[in-house]
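Visitor: Structure file run.csv (CSV, C-alpha atoms) right here:
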chain,number,residue,atom,x,y,z
A,1451,MET,CA,37.1,64.0,-90.3
A,1452,VAL,CA,35.2,65.4,-87.3
A,1453,SER,CA,36.3,66.2,-83.8
A,1454,ARG,CA,34.5,67.6,-80.8
A,1455,THR,CA,35.1,68.2,-77.1
A,1456,VAL,CA,32.3,68.3,-74.5
A,1457,ARG,CA,32.2,68.4,-70.7
A,1458,ARG,CA,31.4,65.4,-68.8
A,1459,ALA,CA,41.9,52.5,-74.4
A,1460,THR,CA,55.7,33.5,-86.1
A,1461,ALA,CA,52.8,31.3,-87.7
A,1462,SER,CA,53.1,28.8,-84.8
A,1463,ALA,CA,56.8,29.7,-84.3
A,1464,ALA,CA,59.5,28.5,-86.6
A,1465,ALA,CA,60.1,25.6,-84.3
A,1466,LEU,CA,57.7,24.6,-81.6
A,1467,LEU,CA,59.0,24.6,-78.1
A,1468,THR,CA,59.3,21.2,-76.6
A,1469,LEU,CA,56.8,20.3,-73.9
A,1470,THR,CA,59.6,20.6,-71.3
A,1471,ALA,CA,61.1,23.8,-72.4
A,1472,VAL,CA,60.9,26.6,-69.9
A,1473,PRO,CA,62.0,30.1,-71.2
A,1474,ALA,CA,63.8,32.3,-68.7
A,1475,HIS,CA,60.9,34.7,-68.5
A,1476,ALA,CA,58.2,32.1,-68.1
A,1477,ALA,CA,57.7,32.4,-64.3
A,1478,THR,CA,58.5,36.1,-64.2
A,1479,HIS,CA,55.6,38.3,-62.9
A,1480,GLU,CA,56.2,42.1,-63.0
A,1481,SER,CA,54.7,45.0,-61.0
A,1482,ASP,CA,54.0,48.5,-62.3
A,1483,THR,CA,56.2,50.4,-59.9
A,1484,THR,CA,58.5,51.7,-62.6
A,1485,ARG,CA,55.8,53.1,-65.0
A,1486,THR,CA,53.5,56.1,-64.8
A,1487,GLY,CA,49.8,55.5,-65.0
A,1488,SER,CA,48.0,58.1,-62.9
A,1489,THR,CA,46.1,60.8,-64.8
A,1490,ALA,CA,47.6,63.3,-62.5
A,1491,ALA,CA,50.9,62.8,-64.3
A,1492,LEU,CA,49.5,62.7,-67.9
A,1493,PRO,CA,49.7,65.6,-70.4
A,1494,ALA,CA,46.7,66.8,-72.2
A,1495,PRO,CA,45.6,64.5,-75.1
A,1496,ASP,CA,47.0,65.5,-78.5
A,1497,MET,CA,43.8,65.7,-80.5
A,1498,ALA,CA,45.6,67.0,-83.7
A,1499,GLY,CA,47.9,63.9,-83.5
A,1500,LEU,CA,44.9,61.6,-82.9
A,1501,ARG,CA,43.1,63.0,-85.9
A,1502,ALA,CA,46.2,62.5,-88.0
A,1503,VAL,CA,46.4,58.9,-87.0
A,1504,LEU,CA,42.8,58.3,-88.0
A,1505,ARG,CA,43.4,59.9,-91.4
A,1506,THR,CA,46.5,57.7,-91.8
A,1507,LEU,CA,44.4,54.6,-91.1
A,1508,THR,CA,42.0,55.5,-93.9
A,1509,ALA,CA,44.9,56.1,-96.3
A,1510,GLN,CA,46.3,52.6,-95.3
A,1511,GLY,CA,43.1,50.7,-96.3
A,1512,ALA,CA,40.5,51.2,-93.5
A,1513,PRO,CA,37.2,52.5,-94.9
A,1514,GLY,CA,36.8,54.4,-91.6
A,1515,ALA,CA,38.2,55.0,-88.1
A,1516,ILE,CA,37.0,56.4,-84.9
A,1517,ALA,CA,38.3,57.2,-81.4
A,1518,ARG,CA,37.0,58.4,-78.1
A,1519,ILE,CA,38.8,59.7,-75.1
A,1520,ASP,CA,37.1,59.9,-71.7
A,1521,ASP,CA,39.2,62.1,-69.3
A,1522,HIS,CA,38.0,63.1,-65.9
A,1523,GLY,CA,34.5,63.8,-67.3
A,1524,THR,CA,35.7,65.5,-70.5
A,1525,VAL,CA,35.0,63.6,-73.7
A,1526,HIS,CA,37.0,64.0,-76.9
A,1527,THR,CA,35.9,62.3,-80.1
A,1528,ALA,CA,37.3,62.0,-83.6
A,1529,ALA,CA,36.3,60.2,-86.8
A,1530,ALA,CA,37.5,59.8,-90.4
A,1531,GLY,CA,36.0,58.0,-93.3
A,1532,ILE,CA,32.9,55.9,-93.8
A,1533,ASP,CA,31.2,53.0,-92.0
A,1534,ASP,CA,29.5,51.6,-95.1
A,1535,ARG,CA,31.1,51.3,-98.5
A,1536,THR,CA,27.7,51.0,-100.2
A,1537,THR,CA,25.8,53.9,-98.7
A,1538,ARG,CA,29.0,56.0,-98.0
A,1539,ARG,CA,27.6,57.0,-94.6
A,1540,ALA,CA,30.2,58.7,-92.4
A,1541,ILE,CA,31.5,56.6,-89.5
A,1542,GLY,CA,30.9,57.9,-86.0
A,1543,ASN,CA,31.4,57.1,-82.3
A,1544,ALA,CA,27.7,56.2,-81.9
A,1545,ASP,CA,28.3,53.2,-84.1
A,1546,ARG,CA,28.4,49.7,-82.6
A,1547,PHE,CA,31.0,47.2,-83.7
A,1548,ARG,CA,32.5,43.8,-83.0
A,1549,ILE,CA,35.2,44.1,-80.3
A,1550,GLY,CA,37.0,40.8,-81.0
A,1551,SER,CA,39.4,39.7,-78.4
A,1552,ILE,CA,38.5,42.5,-75.9
A,1553,THR,CA,35.8,39.9,-75.1
A,1554,LYS,CA,38.6,38.1,-73.3
A,1555,SER,CA,38.7,40.8,-70.6
A,1556,PHE,CA,34.9,40.4,-70.1
A,1557,SER,CA,35.4,36.6,-69.6
A,1558,ALA,CA,38.3,37.1,-67.2
A,1559,VAL,CA,36.3,39.6,-65.1
A,1560,VAL,CA,33.5,37.1,-64.7
A,1561,LEU,CA,35.9,34.4,-63.6
A,1562,LEU,CA,37.7,36.7,-61.2
A,1563,GLN,CA,34.3,37.6,-59.7
A,1564,LEU,CA,33.7,33.9,-59.2
A,1565,ALA,CA,37.1,33.7,-57.5
A,1566,ASP,CA,36.0,36.6,-55.2
A,1567,ALA,CA,33.0,34.5,-54.3
A,1568,HIS,CA,35.2,31.5,-53.5
A,1569,LYS,CA,33.7,29.5,-56.4
A,1570,LEU,CA,37.0,29.3,-58.3
A,1571,ASN,CA,40.6,28.8,-57.5
A,1572,LEU,CA,42.9,30.3,-60.1
A,1573,ASP,CA,45.6,27.8,-59.3
A,1574,ALA,CA,43.4,24.7,-59.5
A,1575,SER,CA,43.6,22.4,-62.5
A,1576,VAL,CA,41.0,23.0,-65.2
A,1577,ASP,CA,40.4,19.3,-64.9
A,1578,HIS,CA,39.0,19.9,-61.4
A,1579,TYR,CA,36.2,21.9,-62.9
A,1580,LEU,CA,35.9,20.3,-66.4
A,1581,PRO,CA,37.0,16.7,-65.9
A,1582,GLY,CA,38.5,15.1,-69.0
A,1583,LEU,CA,38.4,18.1,-71.2
A,1584,LEU,CA,42.1,18.7,-71.5
A,1585,PRO,CA,44.9,16.1,-71.9
A,1586,ASP,CA,47.1,17.6,-69.2
A,1587,LYS,CA,45.9,17.9,-65.6
A,1588,ARG,CA,48.7,20.4,-64.9
A,1589,ILE,CA,46.9,23.1,-66.9
A,1590,THR,CA,45.5,25.5,-64.3
A,1591,VAL,CA,42.9,28.3,-64.6
A,1592,ARG,CA,45.7,30.8,-64.3
A,1593,HIS,CA,47.5,29.2,-67.2
A,1594,VAL,CA,44.4,29.6,-69.4
A,1595,LEU,CA,43.7,33.2,-68.5
A,1596,SER,CA,47.4,34.2,-69.0
A,1597,HIS,CA,47.9,32.3,-72.3
A,1598,ARG,CA,50.4,30.0,-70.7
A,1599,SER,CA,48.5,26.7,-71.1
A,1600,GLY,CA,50.4,25.6,-74.2
A,1601,LEU,CA,47.0,24.9,-76.0
A,1602,TYR,CA,47.3,25.3,-79.8
A,1603,ASP,CA,45.3,28.1,-81.3
A,1604,TYR,CA,42.8,26.4,-83.6
A,1605,THR,CA,42.3,29.6,-85.5
A,1606,ASN,CA,45.8,29.2,-87.0
A,1607,SER,CA,44.4,26.5,-89.2
A,1608,MET,CA,40.9,27.8,-89.5
A,1609,PHE,CA,42.0,31.1,-91.0
A,1610,ALA,CA,45.2,30.1,-92.8
A,1611,SER,CA,43.4,31.6,-95.8
A,1612,SER,CA,41.6,34.7,-94.7
A,1613,VAL,CA,38.5,34.9,-97.0
A,1614,SER,CA,37.8,31.2,-97.7
A,1615,GLY,CA,38.5,30.4,-94.0
A,1616,PHE,CA,36.1,33.0,-92.9
A,1617,GLU,CA,33.3,32.1,-95.4
A,1618,ALA,CA,33.5,28.5,-94.3
A,1619,VAL,CA,32.6,29.5,-90.7
A,1620,ARG,CA,30.6,32.8,-91.2
A,1621,ASN,CA,27.3,31.1,-90.5
A,1622,LYS,CA,28.4,28.0,-88.7
A,1623,VAL,CA,27.6,27.4,-85.0
A,1624,PHE,CA,30.1,25.5,-82.9
A,1625,THR,CA,30.0,24.1,-79.5
A,1626,TYR,CA,32.8,24.9,-77.1
A,1627,ARG,CA,33.9,21.3,-77.1
A,1628,GLN,CA,34.1,21.2,-80.9
A,1629,LEU,CA,36.5,24.2,-80.7
A,1630,VAL,CA,38.6,22.6,-78.0
A,1631,GLN,CA,38.8,19.4,-80.1
A,1632,LEU,CA,40.0,21.4,-83.1
A,1633,SER,CA,42.9,22.6,-80.9
A,1634,LEU,CA,43.7,19.2,-79.5
A,1635,LYS,CA,44.3,17.8,-83.0
A,1636,HIS,CA,47.6,19.7,-82.9
A,1637,ALA,CA,50.6,19.4,-80.6
A,1638,ARG,CA,50.8,21.8,-77.8
A,1639,THR,CA,53.2,24.7,-78.0
A,1640,ASN,CA,54.8,24.3,-74.6
A,1641,ALA,CA,54.4,22.8,-71.2
A,1642,PRO,CA,51.8,24.3,-68.8
A,1643,GLY,CA,53.2,27.6,-67.4
A,1644,ALA,CA,56.3,27.5,-69.5
A,1645,ALA,CA,55.7,30.4,-71.9
A,1646,TYR,CA,53.2,33.0,-73.1
A,1647,SER,CA,51.6,31.8,-76.4
A,1648,TYR,CA,48.4,33.6,-77.4
A,1649,SER,CA,45.6,31.2,-78.1
A,1650,ASN,CA,41.9,31.6,-78.6
A,1651,THR,CA,41.5,28.1,-77.2
A,1652,ASN,CA,42.3,29.4,-73.7
A,1653,PHE,CA,39.3,31.7,-73.6
A,1654,VAL,CA,37.0,29.1,-75.1
A,1655,VAL,CA,38.0,27.0,-72.0
A,1656,ALA,CA,37.3,30.2,-70.0
A,1657,GLY,CA,33.7,30.3,-71.4
A,1658,MET,CA,33.2,26.6,-70.5
A,1659,LEU,CA,34.4,27.4,-66.9
A,1660,ILE,CA,31.9,30.3,-66.7
A,1661,GLU,CA,29.0,28.1,-67.8
A,1662,LYS,CA,30.0,25.2,-65.6
A,1663,LEU,CA,30.4,27.2,-62.4
A,1664,THR,CA,27.3,29.4,-62.8
A,1665,GLY,CA,24.9,27.2,-64.7
A,1666,HIS,CA,24.2,30.1,-67.1
A,1667,SER,CA,25.3,31.1,-70.5
A,1668,VAL,CA,28.3,33.5,-70.9
A,1669,GLY,CA,25.9,36.0,-72.4
A,1670,THR,CA,23.8,36.0,-69.2
A,1671,GLU,CA,26.8,36.3,-67.0
A,1672,TYR,CA,28.2,39.2,-69.1
A,1673,ARG,CA,24.8,40.9,-68.8
A,1674,ASP,CA,24.3,40.4,-65.1
A,1675,ARG,CA,27.8,41.0,-63.9
A,1676,ILE,CA,29.1,43.7,-66.2
A,1677,ILE,CA,26.6,45.1,-68.8
A,1678,LYS,CA,23.7,45.9,-66.4
A,1679,PRO,CA,25.7,47.1,-63.4
A,1680,LEU,CA,27.8,49.5,-65.6
A,1681,LYS,CA,24.7,50.6,-67.7
A,1682,LEU,CA,26.4,49.6,-71.0
A,1683,ARG,CA,23.5,50.4,-73.3
A,1684,ASP,CA,25.3,49.5,-76.5
A,1685,THR,CA,27.0,46.2,-75.4
A,1686,PHE,CA,25.6,42.9,-76.5
A,1687,TYR,CA,26.4,39.2,-76.8
A,1688,VAL,CA,24.1,38.0,-79.5
A,1689,HIS,CA,25.7,34.6,-80.4
A,1690,PRO,CA,24.7,32.7,-82.5
A,1691,ALA,CA,22.7,35.5,-84.2
A,1692,THR,CA,24.6,37.2,-87.1
A,1693,LYS,CA,23.3,40.8,-86.9
A,1694,ILE,CA,24.6,43.8,-85.0
A,1695,PRO,CA,21.6,45.5,-83.5
A,1696,GLY,CA,20.9,49.2,-84.0
A,1697,ARG,CA,23.3,51.6,-85.7
A,1698,TYR,CA,26.6,49.9,-86.5
A,1699,ALA,CA,29.8,50.2,-88.5
A,1700,HIS,CA,30.3,47.6,-91.3
A,1701,GLY,CA,33.5,45.6,-91.0
A,1702,TYR,CA,35.6,44.8,-94.0
A,1703,LEU,CA,38.0,41.9,-94.3
A,1704,THR,CA,41.1,42.5,-96.4
A,1705,PRO,CA,41.8,39.5,-98.7
A,1706,ASP,CA,45.2,37.9,-98.8
A,1707,ARG,CA,45.5,38.6,-102.5
A,1708,ALA,CA,46.8,42.1,-103.2
A,1709,GLY,CA,44.3,44.3,-105.0
A,1710,ALA,CA,41.3,42.1,-104.3
A,1711,GLN,CA,38.1,43.7,-103.1
A,1712,LEU,CA,37.4,44.1,-99.4
A,1713,VAL,CA,34.9,41.6,-98.1
A,1714,ASP,CA,32.0,42.8,-96.0
A,1715,ALA,CA,32.3,40.6,-92.9
A,1716,THR,CA,29.8,42.4,-90.7
A,1717,ASP,CA,27.2,39.6,-90.5
A,1718,GLN,CA,28.5,36.4,-88.9
A,1719,THR,CA,27.9,34.2,-85.9
A,1720,VAL,CA,31.4,34.7,-84.5
A,1721,SER,CA,30.8,31.2,-83.2
A,1722,TRP,CA,34.4,30.4,-83.9
A,1723,ALA,CA,35.3,32.7,-81.1
A,1724,GLN,CA,32.3,33.0,-78.6
A,1725,SER,CA,33.8,33.8,-75.1
A,1726,ALA,CA,37.1,34.6,-76.8
A,1727,GLY,CA,35.8,37.3,-79.2
A,1728,ALA,CA,32.0,37.7,-79.9
A,1729,VAL,CA,31.0,40.8,-77.9
A,1730,ILE,CA,29.6,43.9,-79.6
A,1731,SER,CA,30.1,47.3,-78.1
A,1732,THR,CA,30.9,51.0,-78.7
A,1733,THR,CA,33.8,53.4,-77.9
A,1734,HIS,CA,31.8,54.8,-75.0
A,1735,ASP,CA,30.9,51.5,-73.4
A,1736,LEU,CA,34.5,50.1,-73.7
A,1737,ASN,CA,35.9,53.2,-72.1
A,1738,THR,CA,33.3,52.8,-69.3
A,1739,PHE,CA,34.2,49.1,-68.9
A,1740,PHE,CA,38.0,49.5,-68.6
A,1741,SER,CA,37.7,52.6,-66.4
A,1742,ALA,CA,35.5,50.6,-64.0
A,1743,LEU,CA,37.9,47.6,-64.1
A,1744,LEU,CA,41.0,49.6,-63.3
A,1745,GLY,CA,39.1,51.8,-60.9
A,1746,GLY,CA,38.3,48.7,-58.8
A,1747,ARG,CA,34.6,48.6,-59.4
A,1748,LEU,CA,34.3,45.1,-61.0
A,1749,THR,CA,36.5,43.0,-58.8
A,1750,SER,CA,38.1,43.1,-55.4
A,1751,ALA,CA,41.6,44.8,-55.1
A,1752,ALA,CA,43.0,41.3,-54.5
A,1753,GLN,CA,41.6,39.9,-57.8
A,1754,LEU,CA,42.6,43.0,-59.8
A,1755,ALA,CA,46.1,42.4,-58.5
A,1756,GLN,CA,46.0,38.9,-59.9
A,1757,MET,CA,45.0,40.3,-63.2
A,1758,GLU,CA,48.0,42.5,-63.1
A,1759,ARG,CA,50.6,39.8,-62.5
A,1760,TRP,CA,52.4,40.4,-65.8
A,1761,THR,CA,54.2,38.0,-68.1
A,1762,PRO,CA,56.5,39.7,-70.7
A,1763,VAL,CA,55.3,39.4,-74.3
A,1764,ASN,CA,57.8,41.8,-76.0
A,1765,SER,CA,59.6,45.0,-75.1
A,1766,THR,CA,56.4,47.1,-75.0
A,1767,THR,CA,53.7,44.6,-73.9
A,1768,ARG,CA,52.9,42.5,-70.8
A,1769,TYR,CA,50.0,40.1,-70.3
A,1770,GLY,CA,48.2,39.4,-67.1
A,1771,LEU,CA,44.9,37.6,-66.7
A,1772,GLY,CA,42.8,38.7,-69.7
A,1773,LEU,CA,44.4,42.1,-69.5
A,1774,ARG,CA,47.3,43.8,-71.4
A,1775,ARG,CA,49.7,46.4,-70.3
A,1776,ARG,CA,51.2,48.5,-73.0
A,1777,ASP,CA,54.3,50.7,-72.2
A,1778,LEU,CA,54.3,53.8,-74.3
A,1779,SER,CA,57.1,56.0,-75.7
A,1780,CYS,CA,56.8,58.6,-73.0
A,1781,GLY,CA,57.1,56.2,-70.0
A,1782,VAL,CA,53.4,55.8,-69.4
A,1783,SER,CA,51.8,52.4,-69.0
A,1784,VAL,CA,48.2,51.8,-70.0
A,1785,TYR,CA,45.9,48.8,-69.4
A,1786,GLY,CA,43.2,47.1,-71.5
A,1787,HIS,CA,43.1,44.9,-74.5
A,1788,THR,CA,43.2,44.9,-78.3
A,1789,GLY,CA,40.7,43.2,-80.5
A,1790,ALA,CA,40.9,41.6,-84.0
A,1791,VAL,CA,37.8,40.0,-85.6
A,1792,GLN,CA,37.0,39.8,-89.3
A,1793,GLY,CA,36.4,43.4,-90.4
A,1794,PHE,CA,37.3,45.2,-87.1
A,1795,TYR,CA,40.5,46.2,-85.3
A,1796,THR,CA,40.0,47.8,-81.8
A,1797,TYR,CA,42.4,49.3,-79.2
A,1798,SER,CA,40.9,50.0,-75.8
A,1799,PHE,CA,43.1,51.1,-72.9
A,1800,THR,CA,42.9,53.1,-69.7
A,1801,SER,CA,45.3,54.7,-67.3
A,1802,LYS,CA,46.4,53.0,-64.1
A,1803,ASP,CA,43.7,54.8,-62.1
A,1804,GLY,CA,41.0,54.3,-64.8
A,1805,ARG,CA,40.4,58.0,-65.1
A,1806,ARG,CA,41.6,58.5,-68.7
A,1807,SER,CA,40.4,55.9,-71.3
A,1808,LEU,CA,40.9,55.6,-75.1
A,1809,THR,CA,39.0,53.3,-77.5
A,1810,ALA,CA,39.8,53.4,-81.2
A,1811,LEU,CA,38.4,51.4,-84.0
A,1812,ALA,CA,39.3,50.8,-87.7
A,1813,ASN,CA,36.7,48.9,-89.7
A,1814,THR,CA,39.0,46.6,-91.5
A,1815,SER,CA,41.2,43.6,-90.6
A,1816,ASN,CA,43.9,41.4,-92.0
A,1817,ASN,CA,46.0,44.5,-92.5
A,1818,GLY,CA,49.1,44.6,-90.3
A,1819,THR,CA,49.9,48.2,-91.4
A,1820,VAL,CA,46.6,49.5,-90.1
A,1821,LEU,CA,46.8,47.5,-86.9
A,1822,ASN,CA,50.3,48.8,-86.1
A,1823,THR,CA,49.4,52.4,-86.9
A,1824,MET,CA,46.5,52.1,-84.4
A,1825,ALA,CA,49.1,52.1,-81.6
A,1826,GLY,CA,49.5,55.8,-82.4
A,1827,THR,CA,46.1,56.5,-80.9
A,1828,LEU,CA,47.5,55.4,-77.5
A,1829,GLU,CA,50.5,57.8,-77.9
A,1830,SER,CA,48.2,60.7,-78.8
A,1831,ALA,CA,45.7,60.0,-76.0
A,1832,PHE,CA,48.2,59.3,-73.1
A,1833,CYS,CA,51.5,60.9,-74.1
A,1834,GLY,CA,50.1,64.0,-75.7
A,1835,LYS,CA,52.8,65.9,-77.5
A,1836,ARG,CA,55.5,64.1,-75.5
A,1837,THR,CA,55.4,61.2,-78.0
A,1838,LYS,CA,58.9,60.3,-79.1
A,1839,ALA,CA,60.1,60.6,-82.7
A,1840,ILE,CA,58.8,57.7,-84.7
A,1841,GLN,CA,61.1,55.5,-86.8
A,1842,SER,CA,60.2,54.2,-90.2
A,1843,SER,CA,59.5,50.4,-90.3
A,1844,PRO,CA,60.0,48.0,-93.2
A,1845,LEU,CA,56.8,46.3,-92.1
A,1846,THR,CA,54.5,49.3,-91.7
A,1847,GLY,CA,56.2,52.1,-93.6
A,1848,ARG,CA,56.9,55.7,-92.7
A,1849,GLY,CA,55.1,57.0,-89.6
A,1850,SER,CA,54.4,53.7,-87.9
A,1851,TYR,CA,54.2,53.7,-84.1
A,1852,VAL,CA,55.3,50.1,-83.9
A,1853,THR,CA,58.4,48.5,-85.3
A,1854,GLN,CA,58.3,45.0,-83.9
A,1855,ARG,CA,56.7,42.4,-86.1
A,1856,ASN,CA,55.5,40.4,-83.2
A,1857,VAL,CA,53.4,43.3,-82.0
A,1858,ALA,CA,51.5,43.5,-85.3
A,1859,TYR,CA,49.5,40.4,-84.6
A,1860,GLU,CA,49.5,40.3,-80.9
A,1861,ASP,CA,45.9,39.3,-80.7
A,1862,ILE,CA,46.4,36.2,-82.8
A,1863,ALA,CA,49.1,33.7,-83.5
A,1864,PRO,CA,52.4,35.5,-84.0
A,1865,GLY,CA,53.4,36.1,-87.7
A,1866,VAL,CA,50.1,35.0,-89.2
A,1867,ALA,CA,48.7,37.9,-91.3
A,1868,ARG,CA,45.0,37.3,-90.7
A,1869,ASP,CA,42.3,37.7,-88.0
For the structure just supplied, provide its representation as structure tokens.
Guide:
Amino acid sequence: MVSRTVRRATASAAALLTLTAVPAHAATHESDTTRTGSTAALPAPDMAGLRAVLRTLTAQGAPGAIARIDDHGTVHTAAAGIDDRTTRRAIGNADRFRIGSITKSFSAVVLLQLADAHKLNLDASVDHYLPGLLPDKRITVRHVLSHRSGLYDYTNSMFASSVSGFEAVRNKVFTYRQLVQLSLKHARTNAPGAAYSYSNTNFVVAGMLIEKLTGHSVGTEYRDRIIKPLKLRDTFYVHPATKIPGRYAHGYLTPDRAGAQLVDATDQTVSWAQSAGAVISTTHDLNTFFSALLGGRLTSAAQLAQMERWTPVNSTTRYGLGLRRRDLSCGVSVYGHTGAVQGFYTYSFTSKDGRRSLTALANTSNNGTVLNTMAGTLESAFCGKRTKAIQSSPLTGRGSYVTQRNVAYEDIAPGVARD
């Protein structure tokens, strides 16, 4: 463990909703007026608590864990464990890693910039831009970006078995249309706009929209609109290449069979995710990204407000357009995204004003206990020592910061214990 401070974030449900079902919360969009998010109201980060969470992650099965807090020019970092089980090299905040579904926030920003340029209408049908792609012309761009399209998440079937499913696609290269077709083989989960249902298919469609509207690859658009303007020197979109460039943390997939050896999942195309999950970054760059986003430097105020039109997910989580809001135990709300890709779990969130950011990584996946415990990094970073007493959980055991099962897999289909 090291720490330093220097000056300068149910399978497919037991019964599928019918295509006409409209839950009571479906059309509810919430504001942030009742939650605290300004750094002026935040206590100092609890670094001892943060270090304790990282140590717990390594005890729960993650080879290593890191975290970085950027707070008004002050940087706090912590690390525990190793980034490579072969060389036993210590993990550190300079390591690059796969950020998984945090990629969705990058995709959403590009589309909202296109909305700012009047090249995209959030409430237009996807069919208007991609004729014939989807079977229902009622599905809008907003439905896709808020996970309310009803499109089945093809990764439910793809990774029903964690290791064999992963090995089958590790080096495979998919087209976007192939991934959408995998989704359309299954019934939809609900009518367009009826309910939140997390699906990677939505952000595959988002990638197709980016490429259709710009004439460029998503990698080019990420680079030109986000990576270069923010000077993110350790952020890349290398698809379909399999290697992470430079210094990186290895990622280890936990097999479904108890006691089986961890699988080094570092090298892969991530073609099964692409614009839904294939970006590579670091704790520094992700803090910079979400700080810039919430600070109003990536979209207009009007489009940021669209991102922050919240749909309830559970008692502690709301989802906007490619953006999550997490409500912490001390009454603070934070904004960002979580990421799950084979071998890596990431939390990256910032305060309402973008002036305090936390990114944490554990280099394992398919381990719900680890993923739940990572919520404690947010409590330490934004609540300080005001964090409320933690209750034991039958899912995660003593000391967990999350007690709701549906939070454990919030980046993937609910209740499925895989990536």
Visitor: One number please: atom CA of Leu1629 of chain A to atom CA of Gly1669 of chain A, in Å, one decimal.
Guide: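 So the answer is 17.9 Å.
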Visitor: What does the distance between atom CA of Glu1758 of chain A and atom CA of Tyr1687 of chain A come to in Å, to one decimal place?
Guide: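 Those two atoms sit 25.8 Å apart.
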Visitor: Hey, what's within 9 Å of Leu1663 of chain A if we count only C-alpha atoms and toss same-chain stuff fewer than 5 positions away? As a list in words, please?
Guide: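 My list of contacting residues is Leu1564, Lys1569, Leu1570, Tyr1579 and Met1658 of chain A.
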Visitor: Closest to Arg1535 of chain A among A:Val1713, A:Leu1743, A:Leu1680, A:Val1630, using only C-alpha atoms?
Guide: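 Selected residue with least distance to Arg1535 of chain A: A:Val1713.
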Visitor: For Thr1625 of chain A, which residue among A:Leu1595, A:Ala1544, A:Gln1724, A:Ala1656 is the nearest when counting only C-alpha atoms?
Guide: A:Gln1724
Visitor: Just how far from atom CA of Ala1825 of chain A is atom CA of Ala1491 of chain A, in Å to one decimal?
Guide: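 Taking atom CA of Ala1491 of chain A and atom CA of Ala1825 of chain A, their separation equals 20.4 Å.
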Visitor: Give me the residues near Tyr1604 of chain A as a PDB file with C-alpha atoms, keeping the file's coordinate frame, where near means some atom within 12 Å (using all atoms listed in the file) and where sequence neighbours in that chain fewer than 4 positions away do not count.
Guide:
ATOM      1  CA  ALA A1461      52.800  31.300 -87.700  1.00  0.00           C
ATOM      2  CA  SER A1462      53.100  28.800 -84.800  1.00  0.00           C
ATOM      3  CA  MET A1608      40.900  27.800 -89.500  1.00  0.00           C
ATOM      4  CA  PHE A1609      42.000  31.100 -91.000  1.00  0.00           C
ATOM      5  CA  ALA A1610      45.200  30.100 -92.800  1.00  0.00           C
ATOM      6  CA  GLY A1615      38.500  30.400 -94.000  1.00  0.00           C
ATOM      7  CA  GLN A1628      34.100  21.200 -80.900  1.00  0.00           C
ATOM      8  CA  LEU A1629      36.500  24.200 -80.700  1.00  0.00           C
ATOM      9  CA  VAL A1630      38.600  22.600 -78.000  1.00  0.00           C
ATOM     10  CA  GLN A1631      38.800  19.400 -80.100  1.00  0.00           C
ATOM     11  CA  LEU A1632      40.000  21.400 -83.100  1.00  0.00           C
ATOM     12  CA  SER A1633      42.900  22.600 -80.900  1.00  0.00           C
ATOM     13  CA  LEU A1634      43.700  19.200 -79.500  1.00  0.00           C
ATOM     14  CA  LYS A1635      44.300  17.800 -83.000  1.00  0.00           C
ATOM     15  CA  HIS A1636      47.600  19.700 -82.900  1.00  0.00           C
ATOM     16  CA  ALA A1637      50.600  19.400 -80.600  1.00  0.00           C
ATOM     17  CA  ARG A1638      50.800  21.800 -77.800  1.00  0.00           C
ATOM     18  CA  THR A1639      53.200  24.700 -78.000  1.00  0.00           C
ATOM     19  CA  TYR A1648      48.400  33.600 -77.400  1.00  0.00           C
ATOM     20  CA  SER A1649      45.600  31.200 -78.100  1.00  0.00           C
ATOM     21  CA  ASN A1650      41.900  31.600 -78.600  1.00  0.00           C
ATOM     22  CA  THR A1651      41.500  28.100 -77.200  1.00  0.00           C
ATOM     23  CA  ASN A1652      42.300  29.400 -73.700  1.00  0.00           C
ATOM     24  CA  PHE A1653      39.300  31.700 -73.600  1.00  0.00           C
ATOM     25  CA  VAL A1654      37.000  29.100 -75.100  1.00  0.00           C
ATOM     26  CA  TRP A1722      34.400  30.400 -83.900  1.00  0.00           C
ATOM     27  CA  ALA A1723      35.300  32.700 -81.100  1.00  0.00           C
ATOM     28  CA  ILE A1862      46.400  36.200 -82.800  1.00  0.00           C
ATOM     29  CA  ALA A1863      49.100  33.700 -83.500  1.00  0.00           C
TER      30      ALA A1863
END
Visitor: Name all residues at most 12 Å from Thr1670 of chain A (count all atoms listed in the file; drop same-chain ones fewer than 3 positions away) and give them as a list of chain:residue names.
Guide: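 With the cut-off at 12 Å, the set is A:Phe1556, A:Ser1557, A:Val1560, A:Gly1657, A:Ile1660, A:Glu1661, A:Thr1664, A:Gly1665, A:His1666, A:Ser1667, A:Arg1673, A:Asp1674, A:Arg1675, A:Ile1676, A:Ile1677, A:Lys1678, A:Phe1686, A:Tyr1687, A:Val1688, A:His1689, A:Ser1725.
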Visitor: Point out the residue among A:Gly1804, A:Pro1642, A:Gly1818, A:Pro1762 with the least atom-to-atom distance to Gly1746 of chain A, counting only C-alpha atoms.
Guide: A:Gly1804
Visitor: Show me, as a PyMOL selection string, the residues that have an atom within 8 Å of Ser1741 of chain A when counting all atoms listed in the file, minus same-chain residues fewer than 4 positions from it.
Guide: chain A and resi 1737+1745+1800-1801+1803-1807
Visitor: Report as a tab-separated table: every residue of segment 1660-1746 of chain A with an atom at most 8 Å from segment 1506-1526 of chain A, its closest pair of atoms, and their distance in Å to one decimal, counting all atoms listed in the file, with rows sorted by chain and ascending residue number.
Guide:
residue	atom	partner	partner_atom	distance
A:Tyr1702	CA	A:Pro1513	CA	7.9
A:Thr1733	CA	A:Arg1518	CA	5.9
A:His1734	CA	A:Arg1518	CA	7.0
A:Asn1737	CA	A:Asp1520	CA	6.8
